[in-house]
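J.: Structure incoming, see below.
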Amino acid sequence: MATTRAERLLAPADLQDPATFSQGIPQEAFAEMRARPTLSWTPPSGGDRTGFWSVTRHAPVSEVSRDADLYSSAVGHIQIYDIDEDALSARASMIDLDPPVHTRLRRLVSSAFTPRHVQSYETAVRARIAERLDALMQAGGGNWVEAVAAPIPIGVICDIMGVPESDHDYMIELTDHLVAGTSSKPLEAGAYGNTTDLRLLPFNSPAAHGINEYARALGERRRAEPADDLITKLIEAEVDGERLTDAEFTNFFRLMVFAGNETTRASMAHLALHLVEFADQFERLRSDPSLLDQAVEEVIRYSSPILYFRRTLTRDTVLQDTPLRAGDKVVMWYAAANFDEEVFDEPLRFDVTRPLRPPNVAFGGGGAHFCLGAPLARLELAILIEAILSRGIDLRLAGDPVHVDSNFVNGIEHLEVEVR
Amino acid sequence: MSGTELVRVAVDAERCIGGGQCEMLEPEVFLVDDDEAISSVVGSGALPRPRADVVVHRCPGAAVSIVEPQRPSE
């Protein structure tokens, strides 16, 4: 029996309003939605023609993640709001595509991110982390985000891509601008020499133009002088016998820099809060270092850096007793599924002894789009936690965290700490 | 069911996204190609069922499957 529009259970919070996430994950609203027998509905607002379904339980998030034929990333946007067809194709990178095109693009870079291969980055990651922690200790504190959480992941991904050290700060600046509200300075439409119609740019941000221009220039340099990095690999790559187009190349670069940066940064920022709030759990880890992998997963679960991704239905189906129609938008709230009571016992408890299985869905619920950088993020977090414990760093908060103004990234913009 | 029952695993190269979980869990059985990061099975692909189940479950691309049970004597 089909649910009529009137019978649909409405989402109890405005999930499109960044203010709903201004104190982090809206736990009460998500708990209420998880307890419902069906998905929750949000009617259309703003310029959107259709509303969207919210998936908040762990099992259906995995189900949606693993069926790219039915739940498409290429049909419609992967953010909740709709954009025009030409804007969709102008910004398309592998994250906005379906197999088999997605798979062909992903394979260009995936070997650099396998668990085996990321082990080769360990020494470099350890050195970056040591440098940042030592500087913070020397200063006696500061903004944890600026001092630790931001520079480490961008440094690591830029090394892999082949962006020189001198440009790392510029990459932080540009990617900051991509998430609306991450920056305190709103940008003019013509910033970074932008001449592109804003609606065609990712996050409608002129900073995307800046990143594209940077990628083009670096690509040119590598074409002349190849190096052992991903930029060179992308420049030289062939998919089905053809080189990447200019747009494919710049979109690829932008995706990698953004995804390797904003996400791990968010987890590292939340880690500081966890260290203070759940100090006993880190004491436990100190006395039993074999819990490190579990501690890393718990930081990732608890921080859930990417709040959601959207899919669009290619056919009619039924999900969690909810009839869905082709063209419907389905939003997977990873940040809700990671606190599913059916899967995580007492989900609000931060527990470094939590079993590794079933896995959290912070990297996605599996399937073709499962986070490419997951092994790298885990490595970075593991080394950071180890380094903090081995230095005996005693962290105190010296101010309230300022959350990133976004319903997409569960980020922290500023967190003042004292270190003893 | 005893934990020693052996099964044979296989990788669907079309579905493989090069996540590398299989190789990390069972380096004797899986090898991820360095260029294209596509996993393949090395040798007979025989694993005790519980270990094979873990790999199947952990594969983000749902590319690993158990193809047939093998006799415990093998």
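So you can find residues: chains in the structure tokens are A, B, ... in the order shown, residues in each start at 1, and ligands are numbered from 1 in order.
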Got a sec: who's within 10 Å of Phe203 in chain A, counting only C-alpha atoms, leaving out chain neighbours fewer than 3 positions off, as a PyMOL selection string?
T.: chain A and resi 79+91+177-180+198-200+206-208
J.: Generate the output file for the selected residues, C-alpha atoms, as a tab-separated table (two decimals), in the first residue's frame.
T.:
chain	number	residue	atom	x	y	z
A	79	GLN	CA	24.17	17.64	-2.65
A	91	ARG	CA	31.83	20.12	-12.33
A	177	HIS	CA	36.36	28.92	0.59
A	178	LEU	CA	34.73	25.90	-1.05
A	179	VAL	CA	32.63	25.04	1.99
A	180	ALA	CA	30.21	27.90	2.38
A	198	LEU	CA	29.25	31.07	-10.42
A	199	ARG	CA	26.41	28.58	-10.84
A	200	LEU	CA	28.74	26.43	-12.95
A	206	PRO	CA	35.05	31.48	-7.28
A	207	ALA	CA	37.67	29.61	-5.26
A	208	ALA	CA	36.90	26.59	-7.46
J.: Could you pull out the residues in chain B that DSSP calls helix (DSSP H, G or I) from the backbone, as a PDB file with C-alpha atoms, in the first residue's frame?
T.:
ATOM      1  CA  GLN B  21      41.101  -4.300   2.065  1.00  0.00           C
ATOM      2  CA  CYS B  22      41.392  -7.877   0.767  1.00  0.00           C
ATOM      3  CA  GLU B  23      45.147  -7.617   0.306  1.00  0.00           C
ATOM      4  CA  MET B  24      45.567  -6.126   3.758  1.00  0.00           C
ATOM      5  CA  LEU B  25      43.491  -8.852   5.412  1.00  0.00           C
ATOM      6  CA  ARG B  49      35.144 -19.727   5.682  1.00  0.00           C
ATOM      7  CA  PRO B  50      35.172 -17.272   8.622  1.00  0.00           C
ATOM      8  CA  ARG B  51      38.186 -15.436   7.188  1.00  0.00           C
ATOM      9  CA  ALA B  52      36.642 -15.419   3.709  1.00  0.00           C
ATOM     10  CA  ASP B  53      33.449 -13.985   5.200  1.00  0.00           C
ATOM     11  CA  VAL B  54      35.412 -11.106   6.742  1.00  0.00           C
ATOM     12  CA  VAL B  55      36.995 -10.234   3.378  1.00  0.00           C
ATOM     13  CA  VAL B  56      33.634 -10.425   1.594  1.00  0.00           C
ATOM     14  CA  HIS B  57      32.105  -8.166   4.216  1.00  0.00           C
ATOM     15  CA  ARG B  58      34.969  -5.677   4.244  1.00  0.00           C
TER      16      ARG B  58
END
J.: Looking at A:Phe278, A:Phe339, A:Tyr121, A:Phe249, which one is nearest to Ala377 in chain A, with distances taken over only C-alpha atoms?
T.: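 Result for the nearest residue to Ala377 in chain A: A:Tyr121.
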J.: If you take only C-alpha atoms and a cut-off of 8 Å, which residues of chain A touch chain B, and what are their nearest atom pairs and distances in Å to one decimal, in chain and number order, as JSON lines?
T.:
{"residue": "A:Arg66", "atom": "CA", "partner": "B:Gly61", "partner_atom": "CA", "distance": 7.6}
{"residue": "A:Thr103", "atom": "CA", "partner": "B:Ile17", "partner_atom": "CA", "distance": 6.4}
{"residue": "A:Arg106", "atom": "CA", "partner": "B:Ile17", "partner_atom": "CA", "distance": 7.1}
{"residue": "A:Arg107", "atom": "CA", "partner": "B:Glu36", "partner_atom": "CA", "distance": 5.3}
{"residue": "A:Leu108", "atom": "CA", "partner": "B:Glu36", "partner_atom": "CA", "distance": 6.4}
{"residue": "A:Val109", "atom": "CA", "partner": "B:Glu36", "partner_atom": "CA", "distance": 7.8}
{"residue": "A:Ser110", "atom": "CA", "partner": "B:Gly18", "partner_atom": "CA", "distance": 5.8}
{"residue": "A:Ser111", "atom": "CA", "partner": "B:Ala37", "partner_atom": "CA", "distance": 4.5}
{"residue": "A:Phe113", "atom": "CA", "partner": "B:Gly19", "partner_atom": "CA", "distance": 7.6}
{"residue": "A:Thr114", "atom": "CA", "partner": "B:Gly20", "partner_atom": "CA", "distance": 4.8}
{"residue": "A:Pro115", "atom": "CA", "partner": "B:Gly20", "partner_atom": "CA", "distance": 5.9}
{"residue": "A:Arg116", "atom": "CA", "partner": "B:Met24", "partner_atom": "CA", "distance": 6.5}
{"residue": "A:Gly365", "atom": "CA", "partner": "B:Pro60", "partner_atom": "CA", "distance": 7.9}
{"residue": "A:Gly366", "atom": "CA", "partner": "B:Pro60", "partner_atom": "CA", "distance": 4.3}
{"residue": "A:Gly367", "atom": "CA", "partner": "B:Gly61", "partner_atom": "CA", "distance": 4.4}
{"residue": "A:Ala368", "atom": "CA", "partner": "B:Gly61", "partner_atom": "CA", "distance": 5.2}
{"residue": "A:Phe370", "atom": "CA", "partner": "B:Pro60", "partner_atom": "CA", "distance": 6.0}
{"residue": "A:Leu372", "atom": "CA", "partner": "B:Gly19", "partner_atom": "CA", "distance": 6.9}
J.: Quick one: distance from CA of Asn143 in chain A to CA of Glu416 in chain A in Å, one decimal?
T.: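 Straight-line distance from CA of Asn143 in chain A to CA of Glu416 in chain A works out to 4.4 Å.
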J.: Would you please work out which residue, of A:Leu187, A:Leu395, A:Leu244, A:Val257, is nearest to Leu275 in chain A when using only C-alpha atoms?
T.: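 Of A:Leu187, A:Leu395, A:Leu244, A:Val257, the one nearest Leu275 in chain A is A:Leu395, counting only C-alpha atoms.
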J.: So that I can see what lies close to Leu348 in chain A, please list as a list in words the residues with an atom at most 12 Å from it, counting only C-alpha atoms and leaving out residues fewer than 3 positions away in the same chain.
T.: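 The residues satisfying every condition are Ile25, Gln27, Glu28, Ala31, Phe278, Glu298, Arg301, Tyr302, Ser303, Ala335, Ala336, Asn338, Phe339, Asp340, Glu341, Phe344, Asp345, Asp351 and Arg354 of chain A.
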J.: Go through B:Ala10, B:Pro48, B:Leu31, B:Glu26 and flag the residue nearest Val67 in chain B, using only C-alpha atoms for the distances.
T.: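 Checking each of B:Ala10, B:Pro48, B:Leu31, B:Glu26 against Val67 in chain B, counting only C-alpha atoms, the winner is B:Ala10.
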J.: My list of candidates is A:Arg286, A:Arg420, A:His77, A:Arg57. Which is closest to Asp394 in chain A when distances are computed with only C-alpha atoms?
T.: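 Residue with the minimum atom-to-atom distance to Asp394 in chain A: A:Arg420.
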